[in-house]
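See below for the structure under consideration.
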Amino acid sequence: MITIEGLEQDRIKLKNKTFLVIGITAGIIILLALIFQTILILFFGIIAILLFPALFTAKQKREYILKFKKYFVQSALKTVFTDLTYHPEQGMPRDVIASTKMMYMGDRYTSNDYISGKYKNIGFRQADVHIEEERESTDSDGNTTTYWVTIFRGRWMIFDFNKTFKADLQVCQKFFGNNKISNWGNDTKFEKVKLESVDFNKRFNVYAQSDHEAFYLLTPPIMEKIIKLDDMNQGKLLLCFIDNKLHIGLYDGKDSFEHAPVFSQINEEQVRNNISNDIKQITMFIDELDLDNDLFRREAK
């Protein structure tokens, strides 16, 4: 059984091992620098000091993080959600997001902290997602350098949407930057739709396969709720209404449910507050959009 005392002992062992590796590496670099007296030794030494601790403590750190998340995160999730599944090392499958045809997927995709469950009887899935694009730059001498640019980092959430609709719709906050509307392979093309709310139109671009469906889904109360969610979140929002599901991309540049810093004692109160705030980032969308409202119940087939 995992205990806070056991976690703290594991943290201290990990911290001490990290410092030991740093100390040994630094000692070797200083010795080599004195023997060979070249600045290159110091240059590569700095790289080694940054790299070696991560390499030599990788397994131990992974085990510590898994224990931390099982003790703090999983137990907190169980108090809020039913039908819970939590896999810290797994993520949202790339194809799930790519199949929406509403997000540019870049060249490198990683995801973790996969959660699925129900809240107020509304099913959901969510995970941290990081999407990067490979780019090149060429200097005046013709030398080409390859580098990676983040085009999305945040959460991708999928909620059951208990209001039947017949056409897909995207609501993209302006300056989100990497939404992608694909008309290829669709029988009905997407068109930009202007809604009645001036404030909403200032903040969001709406693309729909049907003007009628756009006005049907984005009623004045729903637009007000989306504006409120925008005010409540620091990141940029992307909402995709697809196949009676609501996909939400929250681009805030953060990872959710992260472990506490290894080099300081675990502050249980702060950790639990952070996890509570991360959980609220899920529940707020169901609460604010009233996804469990009886008025949204699907029509009987």
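Labels for the structure tokens follow display order: chains A, B, ..., residues from 1 in each chain, ligands from 1.
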Query raised in the report: What lies within 6 Å of range 234-238 of chain A using only C-alpha atoms, ignoring chain neighbours under 3 positions off, as a PyMOL selection string?
Result: chain A and resi 171-173+176+248-252
**Report entry** strand (DSSP E or B) per DSSP on the backbone: members of range 151-301 of chain A, as a PyMOL selection string
**Finding:** chain A and resi 151-160+169-173+179+191-193+204-208+236-242+245-251
Contacts between range 122-145 of chain A and range 45-115 of chain A, please, where a residue of range 45-115 of chain A counts if it comes within 9 Å (with only C-alpha atoms); show its shortest atom pair and distance in Å to one decimal, rows by chain and ascending number, as a Markdown table.
```
| residue | atom | partner | partner_atom | distance |
| --- | --- | --- | --- | --- |
| A:Asp83 | CA | A:Gly123 | CA | 8.8 |
| A:Gln90 | CA | A:Ala127 | CA | 8.5 |
| A:Gly91 | CA | A:Ala127 | CA | 5.7 |
| A:Met92 | CA | A:Ala127 | CA | 5.6 |
| A:Tyr104 | CA | A:Ile131 | CA | 8.7 |
| A:Met105 | CA | A:Ile131 | CA | 6.5 |
| A:Gly106 | CA | A:Glu133 | CA | 4.6 |
| A:Asp107 | CA | A:Glu133 | CA | 4.9 |
| A:Arg108 | CA | A:Glu132 | CA | 5.1 |
| A:Tyr109 | CA | A:Ile131 | CA | 4.7 |
| A:Thr110 | CA | A:His130 | CA | 5.3 |
| A:Ser111 | CA | A:Val129 | CA | 4.4 |
| A:Asn112 | CA | A:Asp128 | CA | 5.4 |
| A:Asp113 | CA | A:Ala127 | CA | 5.3 |
| A:Tyr114 | CA | A:Ala127 | CA | 4.4 |
| A:Ile115 | CA | A:Gln126 | CA | 5.3 |
```
Got time to write the residues from that selection, C-alpha atoms, as a tab-separated table (two decimals), in the first residue's frame?
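After the write, result.tsv holds the following:
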```tsv
chain	number	residue	atom	x	y	z
A	83	ASP	CA	-16.90	4.53	-14.27
A	90	GLN	CA	-1.27	6.46	-21.88
A	91	GLY	CA	-2.86	9.23	-23.90
A	92	MET	CA	-5.56	10.18	-26.35
A	104	TYR	CA	-3.72	20.51	-37.72
A	105	MET	CA	-1.80	17.48	-36.46
A	106	GLY	CA	1.78	18.59	-37.18
A	107	ASP	CA	4.68	16.12	-37.40
A	108	ARG	CA	5.12	14.84	-33.82
A	109	TYR	CA	2.38	13.86	-31.39
A	110	THR	CA	2.59	12.85	-27.72
A	111	SER	CA	-0.11	12.39	-25.11
A	112	ASN	CA	-0.49	11.13	-21.53
A	113	ASP	CA	-2.68	11.22	-18.42
A	114	TYR	CA	-5.65	9.60	-20.15
A	115	ILE	CA	-8.88	9.77	-18.15
```
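Using only C-alpha atoms for every distance, the candidate list A:Ile158, A:Val198, A:Ala54, A:Thr150 yields A:Thr150 as the residue closest to Asn178 in chain A.
Picture a line from CA of Asn267 in chain A to CA of Ile2 in chain A; it runs 16.4 Å.
Counting only C-alpha atoms, Met103 in chain A has the following residues at most 8 Å away, ignoring those fewer than 5 positions along the same chain: Ile97, Ala98, Asn178, Asn179, Lys180 and Ile181 of chain A.
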Give me, as a Markdown table, each residue of range 70-171 of chain A that comes within 12 Å of range 5-24 of chain A, together with its shortest interatomic pair and the distance in Å at one decimal, counting only C-alpha atoms, with rows ordered by chain and rising residue number.
```
| residue | atom | partner | partner_atom | distance |
| --- | --- | --- | --- | --- |
| A:Lys70 | CA | A:Leu7 | CA | 10.8 |
| A:Tyr71 | CA | A:Leu7 | CA | 8.8 |
| A:Phe72 | CA | A:Leu7 | CA | 10.5 |
```
Report summary line: Between CA of Tyr119 in chain A and CA of Ile266 in chain A lies a distance of 29.1 Å
Query - Those in range 3-251 of chain A with helix (DSSP H, G or I) from DSSP, as a PyMOL selection string - result: chain A and resi 4-36+39-56+58-78+94-98+198-203+211-217+220-232
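Rounded to one decimal, CA of Met157 in chain A and CA of Lys280 in chain A lie 12.7 Å from each other.
Remark: for Asp278 in chain A, the closest of the candidate residues A:Val73, A:Arg203, A:Phe215, A:Met232 is A:Val73 (distances computed over only C-alpha atoms).
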Query raised in the report: What lies within 8 Å of range 36-50 of chain A using only C-alpha atoms, ignoring chain neighbours under 6 positions off, as a VMD selection string?
Result: chain A and resid 22 25 to 26 29 to 30
What would the file look like if the residues just selected were written as a CSV table (one decimal), in the first residue's frame with all heavy atoms?
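Result saved to out36.csv:
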```csv
chain,number,residue,atom,x,y,z
A,22,ILE,N,25.0,14.3,-10.5
A,22,ILE,CA,25.5,15.6,-10.8
A,22,ILE,C,26.9,15.8,-10.3
A,22,ILE,O,27.8,16.3,-11.0
A,22,ILE,CB,24.5,16.7,-10.3
A,22,ILE,CG1,23.2,16.6,-11.1
A,22,ILE,CG2,25.1,18.1,-10.5
A,22,ILE,CD1,22.1,17.6,-10.6
A,25,THR,N,29.5,13.6,-12.1
A,25,THR,CA,29.7,14.1,-13.5
A,25,THR,C,30.5,15.4,-13.4
A,25,THR,O,31.5,15.6,-14.2
A,25,THR,CB,28.4,14.4,-14.2
A,25,THR,OG1,27.6,13.2,-14.1
A,25,THR,CG2,28.6,14.8,-15.6
A,26,ALA,N,30.2,16.3,-12.5
A,26,ALA,CA,30.9,17.6,-12.4
A,26,ALA,C,32.4,17.4,-12.0
A,26,ALA,O,33.3,18.0,-12.6
A,26,ALA,CB,30.2,18.5,-11.4
A,29,ILE,N,34.3,16.1,-15.1
A,29,ILE,CA,34.5,17.2,-16.1
A,29,ILE,C,35.6,18.1,-15.6
A,29,ILE,O,36.4,18.5,-16.4
A,29,ILE,CB,33.2,18.0,-16.3
A,29,ILE,CG1,32.1,17.1,-16.9
A,29,ILE,CG2,33.4,19.2,-17.1
A,29,ILE,CD1,32.5,16.4,-18.2
A,30,ILE,N,35.6,18.5,-14.3
A,30,ILE,CA,36.6,19.4,-13.8
A,30,ILE,C,38.0,18.7,-13.9
A,30,ILE,O,39.0,19.4,-14.3
A,30,ILE,CB,36.3,19.7,-12.3
A,30,ILE,CG1,35.1,20.6,-12.3
A,30,ILE,CG2,37.5,20.5,-11.7
A,30,ILE,CD1,34.6,20.9,-10.8
```
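Minimum atom-to-atom distance to Thr100 in chain A, evaluated using only C-alpha atoms, belongs to A:Gln170 out of A:Ser116, A:Gln170, A:Asn121, A:Asn162.
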**Report entry** Contact residues around Glu288 in chain A with only C-alpha atoms at 10 Å, ignoring same-chain residues under 3 positions, as a count of residues only
**Finding:** 10
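Proximity of A:Lys69, A:Lys192, A:His87, A:Arg155 to Arg272 in chain A, computed with only C-alpha atoms, is greatest for A:Lys69.
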